[in-house]
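Next comes my_file37.cif, with mmCIF, C-alpha atoms and all ligand atoms.
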```
data_entry
#
loop_
_atom_site.group_PDB
_atom_site.id
_atom_site.type_symbol
_atom_site.label_atom_id
_atom_site.label_comp_id
_atom_site.auth_asym_id
_atom_site.auth_seq_id
_atom_site.Cartn_x
_atom_site.Cartn_y
_atom_site.Cartn_z
ATOM 1 C CA MET A 1 50.034 2.807 -118.248
ATOM 2 C CA SER A 2 46.416 1.908 -117.531
ATOM 3 C CA ALA A 3 44.077 2.153 -114.595
ATOM 4 C CA THR A 4 45.041 -1.276 -113.372
ATOM 5 C CA VAL A 5 48.746 -1.307 -114.026
ATOM 6 C CA GLU A 6 49.336 -2.551 -110.483
ATOM 7 C CA GLY A 7 46.269 -4.795 -110.608
ATOM 8 C CA LYS A 8 44.308 -2.471 -108.329
ATOM 9 C CA ARG A 9 41.327 -0.327 -109.165
ATOM 10 C CA PRO A 10 42.383 3.272 -108.543
ATOM 11 C CA VAL A 11 40.925 5.346 -105.727
ATOM 12 C CA PRO A 12 41.270 9.119 -105.369
ATOM 13 C CA PRO A 13 44.649 9.019 -103.538
ATOM 14 C CA ASP A 14 46.057 6.902 -106.425
ATOM 15 C CA ILE A 15 44.835 9.496 -108.914
ATOM 16 C CA ARG A 16 46.360 12.304 -106.857
ATOM 17 C CA ALA A 17 49.658 10.410 -106.739
ATOM 18 C CA ARG A 18 49.741 10.377 -110.551
ATOM 19 C CA LYS A 19 50.548 14.116 -110.546
ATOM 20 C CA GLY A 20 53.252 14.750 -113.121
ATOM 21 C CA GLY A 21 53.269 11.106 -114.275
ATOM 22 C CA VAL A 22 51.846 9.342 -117.297
ATOM 23 C CA PRO A 23 48.780 11.401 -118.298
ATOM 24 C CA LEU A 24 45.493 10.342 -116.736
ATOM 25 C CA VAL A 25 42.771 9.210 -119.137
ATOM 26 C CA MET A 26 39.150 10.064 -118.409
ATOM 27 C CA LEU A 27 36.038 9.762 -120.591
ATOM 28 C CA THR A 28 32.374 10.207 -119.832
ATOM 29 C CA ALA A 29 29.905 7.330 -119.974
ATOM 30 C CA TYR A 30 26.185 7.324 -119.258
ATOM 31 C CA THR A 31 25.140 3.730 -119.943
ATOM 32 C CA THR A 32 26.316 0.209 -119.102
ATOM 33 C CA PRO A 33 27.374 -0.781 -122.662
ATOM 34 C CA VAL A 34 29.466 2.360 -123.120
ATOM 35 C CA ALA A 35 30.950 1.942 -119.636
ATOM 36 C CA ARG A 36 32.055 -1.567 -120.680
ATOM 37 C CA LEU A 37 33.732 -0.121 -123.790
ATOM 38 C CA VAL A 38 35.666 2.635 -122.010
ATOM 39 C CA ASP A 39 36.526 0.724 -118.818
ATOM 40 C CA PRO A 40 39.641 -1.112 -120.099
ATOM 41 C CA HIS A 41 41.176 2.094 -121.451
ATOM 42 C CA CYS A 42 40.466 4.711 -118.801
ATOM 43 C CA ASP A 43 41.775 5.568 -115.357
ATOM 44 C CA MET A 44 38.529 7.347 -114.527
ATOM 45 C CA VAL A 45 35.031 7.328 -115.993
ATOM 46 C CA LEU A 46 32.851 10.366 -115.418
ATOM 47 C CA VAL A 47 29.081 10.328 -115.377
ATOM 48 C CA GLY A 48 28.970 13.961 -116.409
ATOM 49 C CA ASP A 49 25.932 16.167 -116.228
ATOM 50 C CA SER A 50 26.599 16.654 -119.952
ATOM 51 C CA LEU A 51 24.198 13.692 -120.152
ATOM 52 C CA GLY A 52 21.391 16.244 -119.994
ATOM 53 C CA MET A 53 22.366 17.635 -123.395
ATOM 54 C CA VAL A 54 23.911 14.523 -124.939
ATOM 55 C CA LEU A 55 21.317 11.918 -123.942
ATOM 56 C CA HIS A 56 18.215 13.833 -122.946
ATOM 57 C CA GLY A 57 18.263 16.646 -125.521
ATOM 58 C CA LEU A 58 18.169 19.432 -122.933
ATOM 59 C CA PRO A 59 19.389 22.883 -124.051
ATOM 60 C CA SER A 60 21.931 23.069 -121.179
ATOM 61 C CA THR A 61 22.992 21.084 -118.109
ATOM 62 C CA LEU A 62 20.763 23.159 -115.825
ATOM 63 C CA GLY A 63 17.785 20.792 -115.998
ATOM 64 C CA VAL A 64 19.736 17.742 -114.853
ATOM 65 C CA THR A 65 18.470 16.271 -111.569
ATOM 66 C CA MET A 66 19.909 14.098 -108.794
ATOM 67 C CA GLU A 67 17.610 11.294 -109.955
ATOM 68 C CA MET A 68 19.079 11.424 -113.483
ATOM 69 C CA MET A 69 22.634 11.344 -112.106
ATOM 70 C CA ILE A 70 21.826 8.408 -109.827
ATOM 71 C CA LEU A 71 20.079 6.386 -112.554
ATOM 72 C CA HIS A 72 22.927 6.855 -115.046
ATOM 73 C CA GLY A 73 25.552 6.462 -112.296
ATOM 74 C CA GLN A 74 24.112 3.076 -111.385
ATOM 75 C CA ALA A 75 24.038 2.013 -115.043
ATOM 76 C CA VAL A 76 27.676 2.994 -115.548
ATOM 77 C CA ALA A 77 28.795 1.358 -112.297
ATOM 78 C CA ARG A 78 27.464 -1.973 -113.626
ATOM 79 C CA GLY A 79 29.794 -1.696 -116.607
ATOM 80 C CA LEU A 80 33.008 -0.838 -114.748
ATOM 81 C CA SER A 81 35.497 -3.156 -113.117
ATOM 82 C CA ARG A 82 38.822 -1.347 -113.611
ATOM 83 C CA ALA A 83 38.316 2.408 -113.888
ATOM 84 C CA MET A 84 37.366 4.710 -111.018
ATOM 85 C CA LEU A 85 33.814 6.087 -111.161
ATOM 86 C CA VAL A 86 33.247 9.825 -110.677
ATOM 87 C CA VAL A 87 29.720 11.288 -110.729
ATOM 88 C CA ASP A 88 28.863 14.950 -111.309
ATOM 89 C CA MET A 89 26.877 16.925 -108.755
ATOM 90 C CA PRO A 90 24.012 18.486 -110.754
ATOM 91 C CA PHE A 91 23.077 22.173 -110.704
ATOM 92 C CA GLY A 92 21.176 23.064 -107.542
ATOM 93 C CA ALA A 93 22.428 20.075 -105.540
ATOM 94 C CA TYR A 94 25.369 21.718 -103.751
ATOM 95 C CA GLU A 95 25.469 25.503 -104.124
ATOM 96 C CA GLU A 96 23.383 26.317 -101.025
ATOM 97 C CA GLY A 97 26.202 25.329 -98.714
ATOM 98 C CA PRO A 98 28.326 22.524 -97.303
ATOM 99 C CA ALA A 99 25.480 20.676 -95.553
ATOM 100 C CA GLN A 100 23.344 20.451 -98.708
ATOM 101 C CA ALA A 101 26.411 19.430 -100.697
ATOM 102 C CA PHE A 102 27.309 16.706 -98.219
ATOM 103 C CA ARG A 103 23.776 15.315 -98.157
ATOM 104 C CA ASN A 104 23.618 15.026 -101.945
ATOM 105 C CA ALA A 105 27.226 13.891 -102.423
ATOM 106 C CA ALA A 106 26.746 11.132 -99.846
ATOM 107 C CA ARG A 107 23.560 10.053 -101.643
ATOM 108 C CA LEU A 108 25.338 9.969 -105.021
ATOM 109 C CA MET A 109 28.173 7.879 -103.599
ATOM 110 C CA ALA A 110 25.927 5.529 -101.609
ATOM 111 C CA GLU A 111 23.451 4.905 -104.431
ATOM 112 C CA THR A 112 25.910 4.635 -107.345
ATOM 113 C CA GLY A 113 29.082 3.311 -105.734
ATOM 114 C CA ALA A 114 31.070 6.270 -107.095
ATOM 115 C CA ALA A 115 34.486 6.806 -105.504
ATOM 116 C CA ALA A 116 34.233 10.590 -105.894
ATOM 117 C CA VAL A 117 32.013 13.433 -106.975
ATOM 118 C CA LYS A 118 32.800 16.344 -109.263
ATOM 119 C CA LEU A 119 31.444 19.831 -108.714
ATOM 120 C CA GLU A 120 31.851 23.105 -110.561
ATOM 121 C CA GLY A 121 33.291 26.271 -109.069
ATOM 122 C CA GLY A 122 36.512 27.759 -107.764
ATOM 123 C CA ALA A 123 37.245 29.964 -104.763
ATOM 124 C CA HIS A 124 33.574 30.273 -103.802
ATOM 125 C CA MET A 125 33.311 26.468 -103.504
ATOM 126 C CA ALA A 126 36.465 26.049 -101.391
ATOM 127 C CA GLU A 127 34.600 25.887 -98.076
ATOM 128 C CA THR A 128 32.250 23.220 -99.449
ATOM 129 C CA ILE A 129 35.109 21.165 -100.909
ATOM 130 C CA ALA A 130 36.950 21.245 -97.550
ATOM 131 C CA PHE A 131 33.743 20.222 -95.727
ATOM 132 C CA LEU A 132 33.189 17.262 -98.065
ATOM 133 C CA ALA A 133 36.824 16.141 -98.128
ATOM 134 C CA ALA A 134 36.945 16.132 -94.321
ATOM 135 C CA ARG A 135 33.869 13.876 -94.244
ATOM 136 C CA GLY A 136 34.876 11.113 -96.643
ATOM 137 C CA VAL A 137 33.778 12.625 -99.938
ATOM 138 C CA PRO A 138 36.653 12.905 -102.425
ATOM 139 C CA VAL A 139 36.054 15.909 -104.665
ATOM 140 C CA MET A 140 37.187 16.518 -108.209
ATOM 141 C CA ALA A 141 36.845 20.266 -108.770
ATOM 142 C CA HIS A 142 36.005 21.920 -112.115
ATOM 143 C CA VAL A 143 37.161 25.469 -112.945
ATOM 144 C CA GLY A 144 37.482 27.657 -116.036
ATOM 145 C CA LEU A 145 34.369 27.222 -118.155
ATOM 146 C CA THR A 146 31.793 25.849 -115.740
ATOM 147 C CA PRO A 147 28.764 25.031 -117.928
ATOM 148 C CA GLN A 148 26.282 25.192 -115.035
ATOM 149 C CA ALA A 149 27.157 28.921 -114.817
ATOM 150 C CA VAL A 150 26.501 29.520 -118.530
ATOM 151 C CA ASN A 151 23.973 32.240 -117.753
ATOM 152 C CA THR A 152 26.323 34.240 -115.527
ATOM 153 C CA LEU A 153 29.376 33.632 -117.736
ATOM 154 C CA GLY A 154 27.400 34.809 -120.776
ATOM 155 C CA GLY A 155 27.966 31.730 -122.928
ATOM 156 C CA TYR A 156 30.376 28.836 -123.413
ATOM 157 C CA ARG A 157 33.421 31.039 -123.961
ATOM 158 C CA VAL A 158 37.108 30.584 -123.204
ATOM 159 C CA GLN A 159 37.799 31.668 -119.609
ATOM 160 C CA GLY A 160 40.969 33.320 -118.295
ATOM 161 C CA ARG A 161 42.124 35.378 -121.254
ATOM 162 C CA GLY A 162 44.087 38.567 -120.557
ATOM 163 C CA GLY A 163 43.278 40.170 -117.218
ATOM 164 C CA ASP A 164 40.914 37.317 -116.349
ATOM 165 C CA ALA A 165 43.807 34.851 -115.938
ATOM 166 C CA ASP A 166 44.269 35.664 -112.248
ATOM 167 C CA ARG A 167 40.690 34.620 -111.491
ATOM 168 C CA ILE A 168 41.353 31.160 -112.919
ATOM 169 C CA ARG A 169 44.731 30.907 -111.141
ATOM 170 C CA GLU A 170 43.039 31.812 -107.847
ATOM 171 C CA ASP A 171 40.170 29.374 -108.431
ATOM 172 C CA ALA A 172 42.554 26.509 -109.160
ATOM 173 C CA ALA A 173 44.734 27.284 -106.140
ATOM 174 C CA ALA A 174 41.661 27.588 -103.893
ATOM 175 C CA VAL A 175 40.175 24.202 -104.806
ATOM 176 C CA ALA A 176 43.557 22.494 -104.457
ATOM 177 C CA GLY A 177 44.089 24.184 -101.076
ATOM 178 C CA ALA A 178 40.624 23.072 -99.974
ATOM 179 C CA GLY A 179 41.465 19.419 -100.543
ATOM 180 C CA ALA A 180 40.217 18.523 -104.030
ATOM 181 C CA PHE A 181 42.152 15.462 -105.265
ATOM 182 C CA ALA A 182 42.116 16.676 -108.895
ATOM 183 C CA VAL A 183 40.709 19.566 -110.901
ATOM 184 C CA VAL A 184 39.179 19.771 -114.364
ATOM 185 C CA LEU A 185 40.352 22.819 -116.349
ATOM 186 C CA GLU A 186 37.796 23.523 -119.062
ATOM 187 C CA LYS A 187 38.311 25.901 -121.970
ATOM 188 C CA VAL A 188 41.218 27.954 -120.598
ATOM 189 C CA PRO A 189 44.164 29.144 -122.721
ATOM 190 C CA ASP A 190 46.879 26.554 -123.335
ATOM 191 C CA ALA A 191 49.693 28.525 -121.634
ATOM 192 C CA LEU A 192 47.565 29.337 -118.577
ATOM 193 C CA ALA A 193 46.521 25.698 -118.167
ATOM 194 C CA ALA A 194 50.167 24.606 -118.425
ATOM 195 C CA GLU A 195 51.220 27.197 -115.840
ATOM 196 C CA ILE A 196 48.431 26.155 -113.435
ATOM 197 C CA THR A 197 49.402 22.507 -113.929
ATOM 198 C CA ARG A 198 53.008 23.306 -112.936
ATOM 199 C CA SER A 199 51.916 25.304 -109.900
ATOM 200 C CA LEU A 200 49.330 22.925 -108.381
ATOM 201 C CA PRO A 201 50.118 19.919 -106.190
ATOM 202 C CA ILE A 202 47.107 17.998 -107.588
ATOM 203 C CA PRO A 203 46.495 16.634 -111.109
ATOM 204 C CA THR A 204 44.817 18.882 -113.640
ATOM 205 C CA ILE A 205 42.474 17.200 -116.128
ATOM 206 C CA GLY A 206 42.157 19.259 -119.294
ATOM 207 C CA ILE A 207 39.254 19.677 -121.676
ATOM 208 C CA GLY A 208 39.998 22.425 -124.160
ATOM 209 C CA ALA A 209 43.013 23.307 -122.007
ATOM 210 C CA SER A 210 46.551 22.003 -122.667
ATOM 211 C CA ALA A 211 48.464 18.857 -123.571
ATOM 212 C CA ASP A 212 50.602 19.737 -120.529
ATOM 213 C CA CYS A 213 47.730 18.976 -118.151
ATOM 214 C CA ASP A 214 48.165 15.877 -115.993
ATOM 215 C CA GLY A 215 45.276 14.201 -117.802
ATOM 216 C CA GLN A 216 42.540 14.727 -120.379
ATOM 217 C CA VAL A 217 38.796 14.205 -120.484
ATOM 218 C CA LEU A 218 36.339 14.218 -123.378
ATOM 219 C CA VAL A 219 32.641 13.530 -123.691
ATOM 220 C CA VAL A 220 32.561 10.064 -125.223
ATOM 221 C CA ASP A 221 29.676 10.836 -127.593
ATOM 222 C CA ASP A 222 31.674 13.811 -128.936
ATOM 223 C CA MET A 223 34.850 11.862 -129.650
ATOM 224 C CA LEU A 224 32.919 8.990 -131.231
ATOM 225 C CA GLY A 225 30.970 11.325 -133.529
ATOM 226 C CA LEU A 226 27.638 10.365 -131.958
ATOM 227 C CA PHE A 227 26.740 13.834 -130.675
ATOM 228 C CA THR A 228 26.763 16.196 -133.613
ATOM 229 C CA ALA A 229 24.440 19.047 -132.580
ATOM 230 C CA PHE A 230 27.529 21.240 -132.168
ATOM 231 C CA ARG A 231 31.258 20.624 -132.029
ATOM 232 C CA PRO A 232 33.570 22.659 -129.794
ATOM 233 C CA LYS A 233 37.112 23.239 -131.115
ATOM 234 C CA PHE A 234 38.556 21.006 -128.394
ATOM 235 C CA VAL A 235 36.698 17.920 -129.607
ATOM 236 C CA LYS A 236 38.753 15.541 -131.711
ATOM 237 C CA ARG A 237 36.600 12.974 -133.496
ATOM 238 C CA TYR A 238 38.266 9.576 -133.192
ATOM 239 C CA ALA A 239 35.385 7.894 -135.033
ATOM 240 C CA GLU A 240 32.276 8.842 -137.022
ATOM 241 C CA LEU A 241 29.778 6.490 -135.427
ATOM 242 C CA GLY A 242 26.873 8.853 -136.062
ATOM 243 C CA ALA A 243 27.478 8.656 -139.817
ATOM 244 C CA GLU A 244 27.928 4.877 -139.596
ATOM 245 C CA ALA A 245 24.673 4.530 -137.632
ATOM 246 C CA ASP A 246 22.860 6.659 -140.218
ATOM 247 C CA ARG A 247 24.138 4.391 -142.984
ATOM 248 C CA ALA A 248 23.010 1.244 -141.110
ATOM 249 C CA ILE A 249 19.555 2.623 -140.260
ATOM 250 C CA ALA A 250 19.000 3.762 -143.854
ATOM 251 C CA ALA A 251 19.987 0.279 -145.091
ATOM 252 C CA TYR A 252 17.539 -1.350 -142.644
ATOM 253 C CA ALA A 253 14.706 0.959 -143.703
ATOM 254 C CA ALA A 254 15.369 0.273 -147.399
ATOM 255 C CA GLU A 255 15.446 -3.511 -146.844
ATOM 256 C CA VAL A 256 12.207 -3.474 -144.844
ATOM 257 C CA ARG A 257 10.462 -1.466 -147.561
ATOM 258 C CA ALA A 258 11.779 -3.835 -150.249
ATOM 259 C CA ARG A 259 10.839 -6.958 -148.169
ATOM 260 C CA ARG A 260 14.492 -8.056 -148.177
ATOM 261 C CA PHE A 261 14.519 -8.061 -144.367
ATOM 262 C CA PRO A 262 13.920 -10.357 -142.586
ATOM 263 C CA ALA A 263 15.687 -12.934 -144.765
ATOM 264 C CA PRO A 264 15.176 -16.734 -144.351
ATOM 265 C CA GLU A 265 17.998 -16.901 -141.764
ATOM 266 C CA HIS A 266 16.179 -14.411 -139.533
ATOM 267 C CA VAL A 267 12.822 -16.217 -139.294
ATOM 268 C CA PHE A 268 11.668 -19.406 -137.560
ATOM 269 C CA GLY A 269 10.398 -22.616 -139.155
ATOM 270 C CA ALA A 270 7.453 -24.638 -137.850
ATOM 271 C CA GLU A 271 9.837 -27.422 -136.771
ATOM 272 C CA PRO A 272 12.246 -27.010 -133.814
ATOM 273 C CA GLY A 273 15.839 -26.354 -134.936
ATOM 274 C CA ARG A 274 14.868 -24.337 -137.994
HETATM 275 O O1 LIG B 301 29.605 16.986 -117.702
HETATM 276 C C1 LIG B 301 30.666 16.607 -118.229
HETATM 277 O O2 LIG B 301 30.692 15.722 -119.088
HETATM 278 C C2 LIG B 301 31.891 17.262 -117.800
HETATM 279 C C3 LIG B 301 33.133 17.016 -118.600
HETATM 280 C C4 LIG B 301 33.016 17.594 -119.939
HETATM 281 C C5 LIG B 301 34.348 17.455 -117.880
HETATM 282 O O3 LIG B 301 31.887 17.991 -116.859
#
```
Could you write out this file's structure as structure tokens?
Amino acid sequence: MSATVEGKRPVPPDIRARKGGVPLVMLTAYTTPVARLVDPHCDMVLVGDSLGMVLHGLPSTLGVTMEMMILHGQAVARGLSRAMLVVDMPFGAYEEGPAQAFRNAARLMAETGAAAVKLEGGAHMAETIAFLAARGVPVMAHVGLTPQAVNTLGGYRVQGRGGDADRIREDAAAVAGAGAFAVVLEKVPDALAAEITRSLPIPTIGIGASADCDGQVLVVDDMLGLFTAFRPKFVKRYAELGAEADRAIAAYAAEVRARRFPAPEHVFGAEPGR
């Protein structure tokens, strides 16, 4: 089943209605060409704030700004015609309270055409999620490992092991109760993610979570082998495009140095048509 199985581009209520059905497919994209590649295969495309690390070389997602999200959101929107666009709320754009969150979420949606925003946080974000949902902003929540909280979590570790499981259960229940249409579960134990998926009325989208989630998401540069600075356990490489690009660039450099590029077919003659 694909995003357009009924010939209609999905909107958040369609995604919510897929609870317990054929797993939802989501990938990130940050540019128009990559959006065009993922669009036919995905139900949802996420302009994640991971773009700070993946595209801009930042050490974490904390330096990502609204302007970066809007610029990349607009680029991705130009490449999509089938999948639903979701844009991340960057760090500092929503945590002050519901009014700040609404102002920035409305700007993201208006300027990118996104159908929904994603924000990180569980029980403490429930009031904000309810405020947004009641005012026309569909919210995808994100609990478990929330990378914007890396400094308070003490690193990018698995969340919800042992006695910590109740915190994740409560976070997931709180965001669902507040009106999120779906929730990302990042880096939580397999059995806990499966249990939360069974207990929630909304779809769970796993990343380092469980095959029992209602859907999966990966960072596209990770699964294509383009981002190689580090590789979390949950990343499966479906291609090695980084290695292929290295081979191609090395071949180009060697041909330039040997004057084998450009060849006659790449240059122009003095006469038209040559
Ligand atoms: O920023 C991002 O790309 C994300 C996904 C990994 C879920 O939040």
Using all atoms listed in the file and a cutoff of 10 Å, can you tell me which residues are near (38.5, 2.0, -116.1) in the file's coordinates, and write them out as a PDB file with C-alpha atoms, in the coordinates of the input?
```pdb
ATOM      1  CA  SER A   2      46.416   1.908-117.531  1.00  0.00           C
ATOM      2  CA  ALA A   3      44.077   2.153-114.595  1.00  0.00           C
ATOM      3  CA  THR A   4      45.041  -1.276-113.372  1.00  0.00           C
ATOM      4  CA  ARG A   9      41.327  -0.327-109.165  1.00  0.00           C
ATOM      5  CA  PRO A  10      42.383   3.272-108.543  1.00  0.00           C
ATOM      6  CA  VAL A  25      42.771   9.210-119.137  1.00  0.00           C
ATOM      7  CA  MET A  26      39.150  10.064-118.409  1.00  0.00           C
ATOM      8  CA  LEU A  27      36.038   9.762-120.591  1.00  0.00           C
ATOM      9  CA  ALA A  35      30.950   1.942-119.636  1.00  0.00           C
ATOM     10  CA  ARG A  36      32.055  -1.567-120.680  1.00  0.00           C
ATOM     11  CA  LEU A  37      33.732  -0.121-123.790  1.00  0.00           C
ATOM     12  CA  VAL A  38      35.666   2.635-122.010  1.00  0.00           C
ATOM     13  CA  ASP A  39      36.526   0.724-118.818  1.00  0.00           C
ATOM     14  CA  PRO A  40      39.641  -1.112-120.099  1.00  0.00           C
ATOM     15  CA  HIS A  41      41.176   2.094-121.451  1.00  0.00           C
ATOM     16  CA  CYS A  42      40.466   4.711-118.801  1.00  0.00           C
ATOM     17  CA  ASP A  43      41.775   5.568-115.357  1.00  0.00           C
ATOM     18  CA  MET A  44      38.529   7.347-114.527  1.00  0.00           C
ATOM     19  CA  VAL A  45      35.031   7.328-115.993  1.00  0.00           C
ATOM     20  CA  GLY A  79      29.794  -1.696-116.607  1.00  0.00           C
ATOM     21  CA  LEU A  80      33.008  -0.838-114.748  1.00  0.00           C
ATOM     22  CA  SER A  81      35.497  -3.156-113.117  1.00  0.00           C
ATOM     23  CA  ARG A  82      38.822  -1.347-113.611  1.00  0.00           C
ATOM     24  CA  ALA A  83      38.316   2.408-113.888  1.00  0.00           C
ATOM     25  CA  MET A  84      37.366   4.710-111.018  1.00  0.00           C
ATOM     26  CA  LEU A  85      33.814   6.087-111.161  1.00  0.00           C
TER      27      LEU A  85
END
```
Collect all residues with atoms no farther than 7 Å from ligand LIG 301 (chain B), counting only C-alpha atoms and all ligand atoms, and output them as a short mmCIF file (atom, residue, chain, number, x, y, z; two decimals) with C-alpha atoms, in the coordinates of the input.
```cif
data_model
loop_
_atom_site.label_atom_id
_atom_site.label_comp_id
_atom_site.auth_asym_id
_atom_site.auth_seq_id
_atom_site.Cartn_x
_atom_site.Cartn_y
_atom_site.Cartn_z
CA THR A 28 32.37 10.21 -119.83
CA LEU A 46 32.85 10.37 -115.42
CA VAL A 47 29.08 10.33 -115.38
CA GLY A 48 28.97 13.96 -116.41
CA ASP A 49 25.93 16.17 -116.23
CA SER A 50 26.60 16.65 -119.95
CA LEU A 51 24.20 13.69 -120.15
CA ASP A 88 28.86 14.95 -111.31
CA VAL A 184 39.18 19.77 -114.36
CA ILE A 207 39.25 19.68 -121.68
CA VAL A 217 38.80 14.20 -120.48
CA LEU A 218 36.34 14.22 -123.38
CA VAL A 219 32.64 13.53 -123.69
#
```
field: Residues matched by the PyMOL selection byres (((chain A and resi 22) around 10) and not hetatm) as a list in words
entry: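 Taken on the displayed file, the PyMOL selection byres (((chain A and resi 22) around 10) and not hetatm) yields the residues Met1, Ser2, Arg18, Lys19, Gly20, Gly21, Pro23, Leu24, Val25, Asp214 and Gly215 of chain A.
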message: Excluding Arg167 of chain A and its own-chain neighbours fewer than 6 positions away, which residues fall within 10 Å of it when counting only C-alpha atoms? Please give them as a PyMOL selection string.
response: chain A and resi 122-123+143-144+159-161+173
task: Name the residues captured by the PyMOL selection byres (((chain A and resi 64-78) around 8) and not hetatm) when it is applied to the shown file; answer as a PyMOL selection string.
output: chain A and resi 29-32+34-35+47+49+52+61-63+79-80+85+87-91+93+104+108+111-114
message: Given all atoms listed in the file as the basis, pick out the residue of A:Arg107, A:Arg231, A:His124, A:Lys187 nearest to Ser210 of chain A.
response: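 Selected residue with least distance to Ser210 of chain A: A:Lys187.
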message: Need to verify the contact set: Phe181 of chain A, 7 Å, all atoms listed in the file, exclusion of same-chain residues closer than 4 positions in sequence. Can you return it as a list in words?
response: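 Here the qualifying residues turn out to be Pro12, Arg16, Pro138, Val139, Met140 and Ile202 of chain A.
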- request: Run the PyMOL selection byres (((chain A and resi 99) around 12) and not hetatm) mentally over the shown coordinates, then write out the matched residues as a list in words, using the chain letters and numbers from the document.
  value: Ala93, Tyr94, Glu95, Glu96, Gly97, Pro98, Gln100, Ala101, Phe102, Arg103, Asn104, Ala105, Ala106, Glu127, Thr128, Ile129, Ala130, Phe131, Leu132 and Arg135 of chain A
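The gap separating atom CA of Gly92 of chain A from atom CA of Val150 of chain A is 13.8 Å, in Å to one decimal.
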- request: Quote the spacing between atom CA of Arg260 of chain A and atom CA of Leu226 of chain A in Å to one decimal place.
  value: 27.8 Å
- request: Find the residue from A:Pro201, A:Gly121, A:Gly225, A:Gly162 that sits nearest to Glu186 of chain A; use all atoms listed in the file when measuring.
  value: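 Using all atoms listed in the file, the shortest distance to Glu186 of chain A belongs to A:Gly121.
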- request: Enter the distance from atom CA of Leu241 of chain A to atom CA of Met223 of chain A, in Å, rounded to one decimal.
  value: 9.4 Å
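The residue that comes closest to Val220 of chain A, out of A:Glu271, A:Val54, A:Gly177, A:Pro232 and on the basis of all atoms listed in the file, is A:Val54.
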- prompt: From the list A:Cys213, A:Ala258, A:Met125, A:Ile15, which residue is nearest Asp171 of chain A when using only C-alpha atoms?
  reply: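 Of the candidates, the smallest distance to Asp171 of chain A is held by A:Met125.
You can rank A:Gly269, A:Leu119, A:Lys233, A:His142 by their closest distance to Thr204 of chain A using all atoms listed in the file, and at the top of that list sits A:His142.
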Could you complete segment 204-208 of chain A so that it carries all heavy atoms, and give it back as an mmCIF file, in the coordinates of the input?
```cif
data_model
loop_
_atom_site.group_PDB
_atom_site.id
_atom_site.type_symbol
_atom_site.label_atom_id
_atom_site.label_comp_id
_atom_site.auth_asym_id
_atom_site.auth_seq_id
_atom_site.Cartn_x
_atom_site.Cartn_y
_atom_site.Cartn_z
ATOM 1 N N THR A 204 45.787 18.132 -112.854
ATOM 2 C CA THR A 204 44.817 18.882 -113.640
ATOM 3 C C THR A 204 44.354 17.970 -114.781
ATOM 4 O O THR A 204 45.155 17.257 -115.379
ATOM 5 C CB THR A 204 45.440 20.153 -114.240
ATOM 6 O OG1 THR A 204 46.557 19.776 -115.063
ATOM 7 C CG2 THR A 204 45.909 21.105 -113.155
ATOM 8 N N ILE A 205 43.053 18.006 -115.043
ATOM 9 C CA ILE A 205 42.474 17.200 -116.128
ATOM 10 C C ILE A 205 41.940 18.210 -117.141
ATOM 11 O O ILE A 205 41.000 18.953 -116.829
ATOM 12 C CB ILE A 205 41.311 16.305 -115.626
ATOM 13 C CG1 ILE A 205 41.668 15.563 -114.324
ATOM 14 C CG2 ILE A 205 40.871 15.338 -116.723
ATOM 15 C CD1 ILE A 205 42.732 14.523 -114.444
ATOM 16 N N GLY A 206 42.517 18.236 -118.320
ATOM 17 C CA GLY A 206 42.157 19.259 -119.294
ATOM 18 C C GLY A 206 41.032 18.839 -120.219
ATOM 19 O O GLY A 206 40.904 17.667 -120.590
ATOM 20 N N ILE A 207 40.222 19.834 -120.574
ATOM 21 C CA ILE A 207 39.254 19.677 -121.676
ATOM 22 C C ILE A 207 39.242 21.040 -122.356
ATOM 23 O O ILE A 207 38.794 22.030 -121.776
ATOM 24 C CB ILE A 207 37.861 19.182 -121.209
ATOM 25 C CG1 ILE A 207 36.883 19.159 -122.403
ATOM 26 C CG2 ILE A 207 37.305 19.940 -120.017
ATOM 27 C CD1 ILE A 207 35.631 18.324 -122.185
ATOM 28 N N GLY A 208 39.804 21.122 -123.538
ATOM 29 C CA GLY A 208 39.998 22.425 -124.160
ATOM 30 C C GLY A 208 40.997 23.244 -123.373
ATOM 31 O O GLY A 208 40.850 24.455 -123.239
#
```
